[in-house]
Amino acid sequence: MATLLTDVNSVLGLEIGSVQTRAVLFDVVEEAYQFLASGSAPTTCGEPTFDVMPGVIAAIRDLQEITGRFFLDLNNKLIIPSHGGVEGVDRLLITLSWGPDVDVVTYGLLNELSLETANRLARSLPLNIADSFSINDRRSTQVQMDALLAAKPRILIFAGGSDRGATRTVSRIAGKIATSLHLFKAEDRPKVLFCGNRAMARRVKEVLEKETTYASTTNIRPEIENEDLIQASFDLNQLVIDEKMHSINGLERIAAFSNEKPQLTGIGFQRVIRFLGKQYDPLRKVLGIDLGSAHVTASYAGYQESQQITLPIGTGYGLEKALEQSKFSDFEKWLPEALSESQVMDYLWQKTLFPNSLPVSETDLMIELAYARHLLCMTMRELEQHADLVSRSFEPILVGGSILTHAATPWQMLTTLLDGIQPVGISPLVVDKHGILSLLGAAAKTNPLLPVQVLESTAFISLATVVSVESKGKPGTVILKARLQTVSGKVRELVVKQGELSSLPLAFGETGMLLLKPEAKLSISDIEVGKDPIKVRGGVCGLVFDTRGRPLELPKDQIHRLAMLDRWSKPANQ
Amino acid sequence: MQNPVTQINPLVKIRRNRVLPVAGMVLVRVGQKVAPGEILAETLIPTKHVIVDVLNTLGLKNADEAEKLIDRQAGDLVDKHDIIAETGGLFSRVIRAPMPGKIISIKNGQVLLEVESRKVVVQSGYAGQVVEILNDRGAVVETNGTLIQGVWGNGLIGFGPFIVDSQSIDQELTPASLSLNTRGTILAASWCEQEESLNLAGSIPIAGLVLGSMSPRLIPCALKQNYPILLLEGFGRVAINDQAKNVLIASEQKEMSLNAVKWDHYSGIRPEISIALQSSGALEVESAEFAEGQKVRVHSSAYAGKTGVLTVINPGKTTLPNGLRTATASVLFQNNEKTVVPFSNFDIIDVEDRFPG
């Protein structure tokens, strides 16, 4: 059965999420790693159990039932390494997103340079930036010290100075931090991560190591024009995990079975998106969005650059923060039925109290999908405002999160993503149905074959390749004729009208050549329309044409808007 | 798998840890009887500091030189104008404390003074007896009595006589339902949709308010009130569930404590109503596995706020009306209506079925 590509065949991934703990099995099948199955159970880090283990054991047992393989012995102890490939696993990986955000403060030299980069580093993980300090800070030293004390940070991120830049100011800030740390009792002092001028690392260490736990990493702004957050975010992740190890009962017990420390979910997610960014069209970006219960993690990557943000808004535990920034009209515009403000807001606010609750009726699901659209809109705005995203041209778009993967139909999932992300150009949309993306990233460090091979398998569901066409034509007028020839030789044609969502069948896994013939003045981002056939991949919703325009404008008038949303609730040509 | 049990219990032994966020001084002893508002532990959290820069003020060359002139140590208390450092000699230059405070550190030729602090206390939250001291942090308080757990609170603690009748507990809280007679009492109503009602209750003032639900529009207004507001069901227009209603009506005129904290799912701390009683109860059951015969309360989606009996744990996964598939149980309501509810949409409220029918 298994071929020894490495000495590790079976890998068990544990993702300890805010709501669910998932146990995911990867193993070697026909000389390649495959995703085999996943089991799940409610996470038990919080009330009433306050111990991660019962949830982990229940998730692994669920996996045992699904696969018929045993991973736990009679004492519920993980069998590692495996016995002859039928019992246990060779390796354990753990990713973690459960728990409140860790409070941090950031120090930098200038607001618009190192401090901004330090904040960007902090925003890439589930951290709460309680305060920021720089030499531009107009507050007096005393007031800054009091603000630091009030912030009660667990981690202090200290950036500043390019690698051949400021030394004296960095030294002065280090001294100031050392003095400020005396405000805290020894056991309450925040850990310090220095991510500034490498030439100053030794001096800063001398000053701060005496006062608290100190770690240093690469300079996040080695040159004035360049940022490099990759290694720093990994090292920051380690400090955060250390904090969580102390606060989550049982985490050390299960982590003892793994050769590596657990990782924050976002770190693995970022690693996979970065990897994919190097594989695809260098002119476009790969986009990944994980709509989690407590956070939204959004990451994009090109051949050289990558950015990630973790927003403290989500579909369950992060719902309250999102609602505080939203108003009814943000959701109302996406509702395909007329619902009262109280009906919608009562439902969503109730969910803040019971973040694990599920939508039962069609109306509940409608509200949750309207909310998901708004959450995606907020995320895209944040990427543009705080992560330098300049174009919504992506190839592919990978999305995860139970709010979507539990959506009743693939078309509902697809329209939610299109409405929220509003991509331009030709974008394959892929769904992380089993929530394995971050585990693949976690595996990559020591087992790079695993993510590569699993990404090539059918573990992810391709929803559709979407062609977003922009034209000033009147709604309903023909703007394009599309001709698709599949690899099997079938030819399908479609007349595409302005203002619609239409589709051509092209099955998941199938490819075809698409020829577009414009009938009006139009554009498709990054594509010379009508010149050469374009290779496209199918998905469960086929090949989809979105001619609704960017940005997507919805009629103000409710009757027209509802009619339009109803029309888009299924492909126009069906 | 264990699930939390929401307490709606007429008589139970209540034990709660009451702790300071940071180390402080515990003011009670084991065996001591405490009132709801009694302070169990207190501490001072520093809020304002001043740096006295000896090095630069005296124009010295280095920190060592400055520190030699500082005739103080970390931990010393100083009054305004007390000498911090002096050069000595015939024309001695002196640096004095700008205000009274405590020296936190002397470093780099600078003296760090803590000049202001804020007192933080932890209260009992209900009448009971101290059964354990938690070193430097607080105490464990125990009592026997009625306990009802809520789902939302405006962050305040209060206590007072509980006034209720079988009519008002089923009705909306309106300005008309409030009178001067309610001053100093804790009231209960089905729901509230008007800011005016909350504001009027605050101006009377009442000692606390128990509601089934409240419009989420009122959250900012509720947070501004100076009396505790506790929701038993959540947001919207949901009446108090039957079981809680029966327990509340039976508690008429009793001295009630409202601990209207916000529900923290990570720590498990949630809003609670407690009424100390003389009789002795069994220790509360905090968690249980789902089982047939348990009394449950639906908290989300349709049937929110309704109590019933879990009749069947459905095998595998069930397809919900909207197409989602998930683990469910069948629940029989008091009106004999039966429905299927996802596990995640109800909570256990009674494992012993003390309230048949």
# chains A, B, ... in the order shown; residues from 1 in each chain; ligands from 1
>>> closest_atom_pairs(of="chain B", to="chain A", cutoff="9 Å", atoms="only C-alpha atoms", output="Markdown table")
| residue | atom | partner | partner_atom | distance |
| --- | --- | --- | --- | --- |
| B:Met1 | CA | A:Pro54 | CA | 7.3 |
| B:Gln2 | CA | A:Thr49 | CA | 7.1 |
| B:Asn3 | CA | A:Pro48 | CA | 6.5 |
| B:Pro4 | CA | A:Pro48 | CA | 5.2 |
| B:Val5 | CA | A:Pro48 | CA | 8.2 |
| B:Pro46 | CA | A:Leu149 | CA | 8.0 |
| B:Thr47 | CA | A:Asp146 | CA | 5.9 |
| B:Lys48 | CA | A:Asp146 | CA | 5.5 |
| B:His49 | CA | A:Gln142 | CA | 5.7 |
| B:Val50 | CA | A:Gln142 | CA | 5.4 |
| B:Ile51 | CA | A:Gln142 | CA | 6.5 |
| B:Ile104 | CA | A:His182 | CA | 6.9 |
| B:Ser105 | CA | A:His182 | CA | 6.5 |
| B:Ile106 | CA | A:Thr179 | CA | 8.5 |
| B:Lys107 | CA | A:Thr179 | CA | 6.8 |
| B:Asn108 | CA | A:Gly175 | CA | 7.9 |
| B:Gln110 | CA | A:Thr179 | CA | 8.8 |
| B:Leu112 | CA | A:Thr179 | CA | 8.0 |
| B:Glu114 | CA | A:Leu183 | CA | 8.5 |
| B:Val151 | CA | A:Leu353 | CA | 6.6 |
| B:Trp152 | CA | A:Leu353 | CA | 7.4 |
| B:Ser215 | CA | A:Asp346 | CA | 7.0 |
| B:Pro216 | CA | A:Asp346 | CA | 6.5 |
| B:Arg217 | CA | A:Met345 | CA | 8.7 |
| B:Glu233 | CA | A:Gln350 | CA | 8.9 |
| B:Gly234 | CA | A:Gln350 | CA | 5.9 |
| B:Phe235 | CA | A:Gln350 | CA | 5.4 |
| B:Gly236 | CA | A:Asp346 | CA | 4.9 |
| B:Arg237 | CA | A:Asp346 | CA | 8.4 |
| B:Trp263 | CA | A:Leu353 | CA | 7.7 |
| B:His265 | CA | A:Glu47 | CA | 6.7 |
| B:Tyr266 | CA | A:Gly46 | CA | 5.1 |
| B:Ser267 | CA | A:Gly46 | CA | 6.5 |
| B:Gly268 | CA | A:Glu47 | CA | 5.0 |
| B:Ile269 | CA | A:Glu47 | CA | 8.8 |
| B:Glu286 | CA | A:Pro48 | CA | 6.7 |
| B:Ser287 | CA | A:Pro48 | CA | 6.0 |
| B:His299 | CA | A:Phe354 | CA | 7.7 |
| B:Ser300 | CA | A:Ser357 | CA | 6.5 |
| B:Ser301 | CA | A:Val360 | CA | 6.5 |
| B:Ala302 | CA | A:Val360 | CA | 7.7 |
| B:Leu320 | CA | A:Val360 | CA | 5.9 |
| B:Pro321 | CA | A:Ser361 | CA | 5.5 |
| B:Asn322 | CA | A:Glu362 | CA | 4.7 |
| B:Gly323 | CA | A:Ala408 | CA | 5.0 |
| B:Leu324 | CA | A:Ala408 | CA | 5.7 |
| B:Arg325 | CA | A:His406 | CA | 8.0 |
| B:Thr326 | CA | A:Leu358 | CA | 8.9 |
| B:Val341 | CA | A:Val360 | CA | 8.2 |
| B:Pro342 | CA | A:Leu358 | CA | 7.2 |
| B:Phe343 | CA | A:Ser357 | CA | 8.4 |
| B:Ser344 | CA | A:Ser357 | CA | 4.9 |
| B:Asn345 | CA | A:Ser357 | CA | 5.0 |
| B:Phe346 | CA | A:Ser357 | CA | 8.3 |
>>> write_last_selection(atoms="N, CA and C atoms", output="compact mmCIF listing (two decimals), in the first residue's frame")
# COMPACT_ATOMS: atom_id res chain seq x y z
N MET B 1 -19.57 13.12 25.47
CA MET B 1 -19.03 14.49 25.51
C MET B 1 -19.86 15.34 26.49
N GLN B 2 -19.16 16.05 27.38
CA GLN B 2 -19.86 16.88 28.36
C GLN B 2 -20.33 18.19 27.76
N ASN B 3 -21.52 18.62 28.15
CA ASN B 3 -22.08 19.90 27.70
C ASN B 3 -22.42 20.73 28.92
N PRO B 4 -22.33 22.05 28.79
CA PRO B 4 -22.65 22.87 29.96
C PRO B 4 -24.13 22.75 30.35
N VAL B 5 -24.37 22.81 31.64
CA VAL B 5 -25.76 22.83 32.12
C VAL B 5 -26.05 24.26 32.57
N PRO B 46 -1.39 50.58 39.96
CA PRO B 46 -0.79 51.88 39.63
C PRO B 46 -1.31 52.41 38.30
N THR B 47 -1.60 53.69 38.26
CA THR B 47 -2.13 54.27 37.03
C THR B 47 -1.31 55.46 36.52
N LYS B 48 -0.50 56.07 37.41
CA LYS B 48 0.24 57.24 36.95
C LYS B 48 1.66 57.21 37.52
N HIS B 49 2.62 57.55 36.67
CA HIS B 49 4.02 57.54 37.07
C HIS B 49 4.70 58.84 36.65
N VAL B 50 5.76 59.14 37.37
CA VAL B 50 6.56 60.32 37.01
C VAL B 50 8.03 59.89 37.01
N ILE B 51 8.78 60.39 36.00
CA ILE B 51 10.21 60.09 35.98
C ILE B 51 10.96 61.33 36.48
N ILE B 104 9.66 53.21 42.25
CA ILE B 104 9.52 51.89 41.62
C ILE B 104 10.89 51.37 41.18
N SER B 105 11.69 52.25 40.58
CA SER B 105 13.03 51.81 40.16
C SER B 105 13.97 53.00 40.03
N ILE B 106 15.25 52.69 40.12
CA ILE B 106 16.28 53.70 39.86
C ILE B 106 17.18 53.09 38.80
N LYS B 107 17.16 53.70 37.63
CA LYS B 107 17.85 53.07 36.50
C LYS B 107 18.29 54.15 35.52
N ASN B 108 19.43 54.00 34.96
CA ASN B 108 19.94 54.94 33.95
C ASN B 108 19.92 56.39 34.44
N GLN B 110 17.78 57.71 36.33
CA GLN B 110 16.41 58.21 36.44
C GLN B 110 15.68 57.49 37.57
N LEU B 112 12.03 56.40 38.92
CA LEU B 112 10.65 56.22 38.47
C LEU B 112 9.75 56.19 39.71
N GLU B 114 5.91 56.07 41.32
CA GLU B 114 4.48 55.76 41.12
C GLU B 114 3.71 56.78 41.95
N VAL B 151 -27.84 35.06 30.15
CA VAL B 151 -27.01 34.99 28.94
C VAL B 151 -26.32 36.33 28.63
N TRP B 152 -26.80 37.40 29.21
CA TRP B 152 -26.17 38.70 28.96
C TRP B 152 -26.34 39.58 30.20
N SER B 215 -34.29 44.32 23.00
CA SER B 215 -33.88 44.63 21.63
C SER B 215 -32.38 44.94 21.62
N PRO B 216 -31.62 44.42 20.66
CA PRO B 216 -30.18 44.75 20.65
C PRO B 216 -29.91 46.24 20.45
N ARG B 217 -30.93 46.97 19.96
CA ARG B 217 -30.78 48.43 19.82
C ARG B 217 -30.51 49.08 21.19
N GLU B 233 -32.83 35.14 28.31
CA GLU B 233 -32.95 34.41 27.03
C GLU B 233 -32.08 35.01 25.93
N GLY B 234 -31.97 36.32 25.88
CA GLY B 234 -31.12 36.91 24.86
C GLY B 234 -31.73 38.15 24.23
N PHE B 235 -31.51 38.28 22.94
CA PHE B 235 -31.95 39.49 22.23
C PHE B 235 -33.18 39.21 21.40
N GLY B 236 -34.01 40.21 21.29
CA GLY B 236 -35.24 40.08 20.52
C GLY B 236 -36.44 40.26 21.41
N ARG B 237 -37.44 39.46 21.15
CA ARG B 237 -38.68 39.56 21.92
C ARG B 237 -39.05 38.17 22.42
N TRP B 263 -21.26 37.52 29.71
CA TRP B 263 -20.89 36.10 29.58
C TRP B 263 -19.54 36.00 28.86
N HIS B 265 -17.28 33.33 27.33
CA HIS B 265 -17.28 31.92 26.94
C HIS B 265 -15.93 31.27 27.18
N TYR B 266 -14.87 32.08 27.17
CA TYR B 266 -13.54 31.50 27.36
C TYR B 266 -13.32 31.08 28.82
N SER B 267 -13.76 31.94 29.76
CA SER B 267 -13.53 31.61 31.17
C SER B 267 -14.73 30.90 31.78
N GLY B 268 -15.88 30.99 31.13
CA GLY B 268 -17.09 30.34 31.66
C GLY B 268 -17.85 31.20 32.65
N ILE B 269 -17.37 32.41 32.91
CA ILE B 269 -18.08 33.30 33.85
C ILE B 269 -19.32 33.85 33.15
N GLU B 286 -22.55 20.99 36.79
CA GLU B 286 -22.12 22.00 35.81
C GLU B 286 -22.11 21.48 34.39
N SER B 287 -22.00 20.17 34.23
CA SER B 287 -21.97 19.63 32.87
C SER B 287 -22.58 18.24 32.85
N HIS B 299 -32.30 27.83 22.53
CA HIS B 299 -31.84 29.22 22.67
C HIS B 299 -31.67 29.94 21.34
N SER B 300 -31.77 29.23 20.23
CA SER B 300 -31.51 29.90 18.96
C SER B 300 -32.53 29.47 17.92
N SER B 301 -32.70 30.35 16.93
CA SER B 301 -33.58 30.09 15.80
C SER B 301 -35.03 29.93 16.30
N ALA B 302 -35.84 29.18 15.54
CA ALA B 302 -37.24 29.02 15.93
C ALA B 302 -37.30 28.33 17.31
N LEU B 320 -31.51 19.49 8.09
CA LEU B 320 -32.39 20.56 8.59
C LEU B 320 -33.22 21.13 7.44
N PRO B 321 -34.27 21.90 7.75
CA PRO B 321 -35.12 22.45 6.68
C PRO B 321 -34.34 23.24 5.63
N ASN B 322 -33.20 23.83 6.02
CA ASN B 322 -32.44 24.62 5.05
C ASN B 322 -31.38 23.80 4.32
N GLY B 323 -31.35 22.50 4.58
CA GLY B 323 -30.43 21.64 3.85
C GLY B 323 -29.15 21.29 4.60
N LEU B 324 -28.86 22.00 5.70
CA LEU B 324 -27.65 21.66 6.47
C LEU B 324 -27.82 20.30 7.15
N ARG B 325 -26.70 19.61 7.31
CA ARG B 325 -26.76 18.32 8.01
C ARG B 325 -25.94 18.41 9.29
N THR B 326 -26.57 18.01 10.38
CA THR B 326 -25.88 18.11 11.67
C THR B 326 -26.49 17.16 12.69
N VAL B 341 -34.06 19.61 16.94
CA VAL B 341 -33.21 20.77 17.21
C VAL B 341 -31.74 20.35 17.14
N PRO B 342 -30.89 21.12 16.44
CA PRO B 342 -29.45 20.79 16.46
C PRO B 342 -28.91 20.84 17.89
N PHE B 343 -27.98 19.97 18.19
CA PHE B 343 -27.35 19.97 19.52
C PHE B 343 -26.88 21.37 19.91
N SER B 344 -26.37 22.08 18.91
CA SER B 344 -25.77 23.39 19.22
C SER B 344 -26.82 24.47 19.47
N ASN B 345 -28.11 24.16 19.33
CA ASN B 345 -29.13 25.20 19.51
C ASN B 345 -29.95 25.05 20.78
N PHE B 346 -29.57 24.14 21.67
CA PHE B 346 -30.26 24.06 22.96
C PHE B 346 -29.26 23.81 24.07
>>> select_by_dssp(residues="region 57-276 of chain B", states="strand (DSSP E or B)", output="ChimeraX atom specification")
/B:70,77-78,83-86,94-96,101-107,110-123,128-134,138-149,152-153,156-163,172,186-192,208-214,229-235,255-260,272-276
>>> write_last_selection(atoms="C-alpha atoms", output="compact mmCIF listing (two decimals), in the first residue's frame")
# COMPACT_ATOMS: atom_id res chain seq x y z
CA ILE B 70 20.50 59.41 44.66
CA LEU B 77 7.86 56.26 49.89
CA VAL B 78 8.47 59.96 49.31
CA ILE B 83 14.98 65.16 48.41
CA ILE B 84 15.62 62.54 45.76
CA ALA B 85 19.24 63.44 44.97
CA GLU B 86 21.77 66.05 45.91
CA VAL B 94 19.04 69.33 45.05
CA ILE B 95 16.37 67.40 43.16
CA ARG B 96 13.08 66.96 44.98
CA GLY B 101 4.69 58.62 45.61
CA LYS B 102 6.59 55.37 45.74
CA ILE B 103 9.95 54.76 44.07
CA ILE B 104 9.52 51.89 41.62
CA SER B 105 13.03 51.81 40.16
CA ILE B 106 16.28 53.70 39.86
CA LYS B 107 17.85 53.07 36.50
CA GLN B 110 16.41 58.21 36.44
CA VAL B 111 14.05 57.66 39.34
CA LEU B 112 10.65 56.22 38.47
CA LEU B 113 7.92 57.30 40.88
CA GLU B 114 4.48 55.76 41.12
CA VAL B 115 2.25 58.71 42.05
CA GLU B 116 -1.32 57.51 41.54
CA SER B 117 -3.13 54.21 41.77
CA ARG B 118 -6.64 52.89 41.42
CA LYS B 119 -8.30 50.62 43.92
CA VAL B 120 -9.69 47.39 42.47
CA VAL B 121 -11.95 45.25 44.62
CA VAL B 122 -13.75 41.96 44.28
CA GLN B 123 -17.16 41.60 45.88
CA GLY B 128 -22.79 33.39 51.72
CA GLN B 129 -19.88 32.05 53.69
CA VAL B 130 -16.17 32.06 52.87
CA VAL B 131 -15.03 28.45 52.56
CA GLU B 132 -11.54 28.92 51.14
CA ILE B 133 -8.98 31.68 50.78
CA LEU B 134 -7.20 31.97 47.44
CA GLY B 138 -9.62 36.33 46.71
CA ALA B 139 -11.86 33.70 48.21
CA VAL B 140 -14.34 30.95 47.50
CA VAL B 141 -17.83 31.84 48.71
CA GLU B 142 -20.49 29.24 49.26
CA THR B 143 -24.18 29.50 49.87
CA ASN B 144 -27.35 27.48 49.49
CA GLY B 145 -30.13 28.96 47.47
CA THR B 146 -31.79 29.61 44.19
CA LEU B 147 -29.58 30.00 41.13
CA ILE B 148 -30.63 31.11 37.67
CA GLN B 149 -28.01 31.72 34.99
CA TRP B 152 -26.17 38.70 28.96
CA GLY B 153 -25.46 41.34 31.58
CA LEU B 156 -22.93 45.52 37.19
CA ILE B 157 -23.65 43.80 40.48
CA GLY B 158 -26.67 44.63 42.64
CA PHE B 159 -29.00 43.29 45.26
CA GLY B 160 -32.37 44.07 46.74
CA PRO B 161 -35.83 42.69 47.37
CA PHE B 162 -37.32 40.99 44.34
CA ILE B 163 -40.74 42.23 43.31
CA GLU B 172 -43.10 44.10 28.20
CA ILE B 186 -35.29 44.21 41.60
CA LEU B 187 -37.95 43.83 38.91
CA ALA B 188 -38.64 41.23 36.24
CA ALA B 189 -40.36 41.60 32.89
CA SER B 190 -40.69 39.64 29.71
CA TRP B 191 -38.80 41.94 27.37
CA CYS B 192 -37.95 45.58 26.75
CA GLY B 208 -31.87 45.71 39.30
CA LEU B 209 -33.76 44.35 36.33
CA VAL B 210 -34.29 40.81 35.09
CA LEU B 211 -35.58 40.52 31.52
CA GLY B 212 -36.30 37.63 29.24
CA SER B 213 -34.91 39.59 26.34
CA MET B 214 -34.19 43.04 25.01
CA ILE B 229 -29.63 44.42 33.89
CA LEU B 230 -29.61 40.70 33.24
CA LEU B 231 -31.14 38.90 30.26
CA LEU B 232 -32.23 35.31 30.67
CA GLU B 233 -32.95 34.41 27.03
CA GLY B 234 -31.12 36.91 24.86
CA PHE B 235 -31.95 39.49 22.23
CA GLU B 255 -33.53 39.28 48.84
CA MET B 256 -31.99 38.74 45.42
CA SER B 257 -28.42 39.22 44.16
CA LEU B 258 -27.84 40.05 40.52
CA ASN B 259 -24.37 39.46 39.17
CA ALA B 260 -24.93 40.91 35.69
CA GLU B 272 -26.33 34.92 37.49
CA ILE B 273 -29.26 35.52 39.79
CA SER B 274 -28.92 34.07 43.27
CA ILE B 275 -31.15 34.05 46.34
CA ALA B 276 -29.67 32.73 49.57
>>> closest_residue(among="A:Thr486, A:Asn9, A:Ser523, A:Thr167", to="Val469 (chain A)", atoms="only C-alpha atoms")
A:Ser523
>>> residues_around(residues="Leu264 (chain A)", least_positions_apart="3", cutoff="10 Å", atoms="only C-alpha atoms", output="ChimeraX atom specification")
/A:15-16,94-98,125-126,234,237-238,240-241,244,261,267-269,438-439,442
>>> residues_around(residues="Thr315 (chain A)", least_positions_apart="2", cutoff="8 Å", atoms="only C-alpha atoms", output="number ranges by chain")
A: 291-295, 313, 317-319, 355, 372, 403
>>> write_last_selection(atoms="C-alpha atoms", output="short mmCIF file (atom, residue, chain, number, x, y, z; two decimals), in the first residue's frame")
data_model
loop_
_atom_site.label_atom_id
_atom_site.label_comp_id
_atom_site.auth_asym_id
_atom_site.auth_seq_id
_atom_site.Cartn_x
_atom_site.Cartn_y
_atom_site.Cartn_z
CA LEU A 291 -14.01 32.82 7.65
CA GLY A 292 -13.49 31.48 11.16
CA SER A 293 -15.72 31.77 14.18
CA ALA A 294 -13.49 34.23 16.04
CA HIS A 295 -11.38 35.68 13.20
CA ILE A 313 -14.35 39.61 13.34
CA TYR A 317 -17.09 34.44 18.60
CA GLY A 318 -16.08 37.38 16.41
CA LEU A 319 -19.64 38.31 15.46
CA PRO A 355 -21.67 31.43 18.79
CA ALA A 372 -20.97 36.28 5.20
CA ILE A 403 -20.45 29.34 7.30
#
>>> residues_around(residues="region 87-92 of chain A", least_positions_apart="6", cutoff="9 Å", atoms="only C-alpha atoms", output="ChimeraX atom specification")
/A:7-14,25,27,69-73,78-81,255,257-260
>>> write_last_selection(atoms="C-alpha atoms", output="tab-separated table (two decimals), in the first residue's frame")
chain	number	residue	atom	x	y	z
A	7	ASP	CA	10.06	7.59	6.80
A	8	VAL	CA	6.74	9.24	7.60
A	9	ASN	CA	3.64	7.83	5.95
A	10	SER	CA	0.55	8.58	7.98
A	11	VAL	CA	0.12	12.04	9.44
A	12	LEU	CA	-2.61	13.05	11.87
A	13	GLY	CA	-3.43	16.75	11.87
A	14	LEU	CA	-5.33	18.29	14.77
A	25	LEU	CA	-5.75	11.93	8.39
A	27	ASP	CA	-1.52	8.97	4.30
A	69	ARG	CA	-8.46	2.46	11.77
A	70	PHE	CA	-7.37	2.77	15.38
A	71	PHE	CA	-5.35	5.77	16.48
A	72	LEU	CA	-5.96	5.55	20.23
A	73	ASP	CA	-5.07	2.70	22.56
A	78	LEU	CA	-2.29	8.26	20.78
A	79	ILE	CA	-0.52	5.35	19.09
A	80	ILE	CA	2.58	6.91	17.56
A	81	PRO	CA	4.48	5.76	15.53
A	255	ALA	CA	1.74	18.47	22.07
A	257	PHE	CA	3.22	13.49	21.01
A	258	SER	CA	4.40	15.85	18.29
A	259	ASN	CA	7.95	16.67	17.29
A	260	GLU	CA	6.96	20.27	16.79
>>> select_by_dssp(residues="region 51-270 of chain A", states="helix (DSSP H, G or I)", output="MDAnalysis selection string")
chainID A and resid 52:67 111:123 141:151 168:181 186:188 198:209 230:247 251:255 265:270
>>> residues_around(residues="Pro175 (chain B)", least_positions_apart="6", cutoff="7 Å", atoms="only C-alpha atoms", output="list in words")
Glu196, Ser197 and Leu200 of chain B
>>> atom_distance(atom1="CA of Ile224 (chain A)", atom2="CA of Leu236 (chain A)")
21.6 Å
>>> closest_residue(among="A:Ser247, A:Thr477, A:Ser468, A:Thr297", to="Leu398 (chain A)", atoms="only C-alpha atoms")
A:Thr297
>>> residues_around(residues="Leu283 (chain B)", least_positions_apart="5", cutoff="8 Å", atoms="only C-alpha atoms", output="PyMOL selection string")
chain B and resi 12-14
>>> atom_distance(atom1="CA of Arg221 (chain A)", atom2="CA of Arg154 (chain A)")
23.1 Å
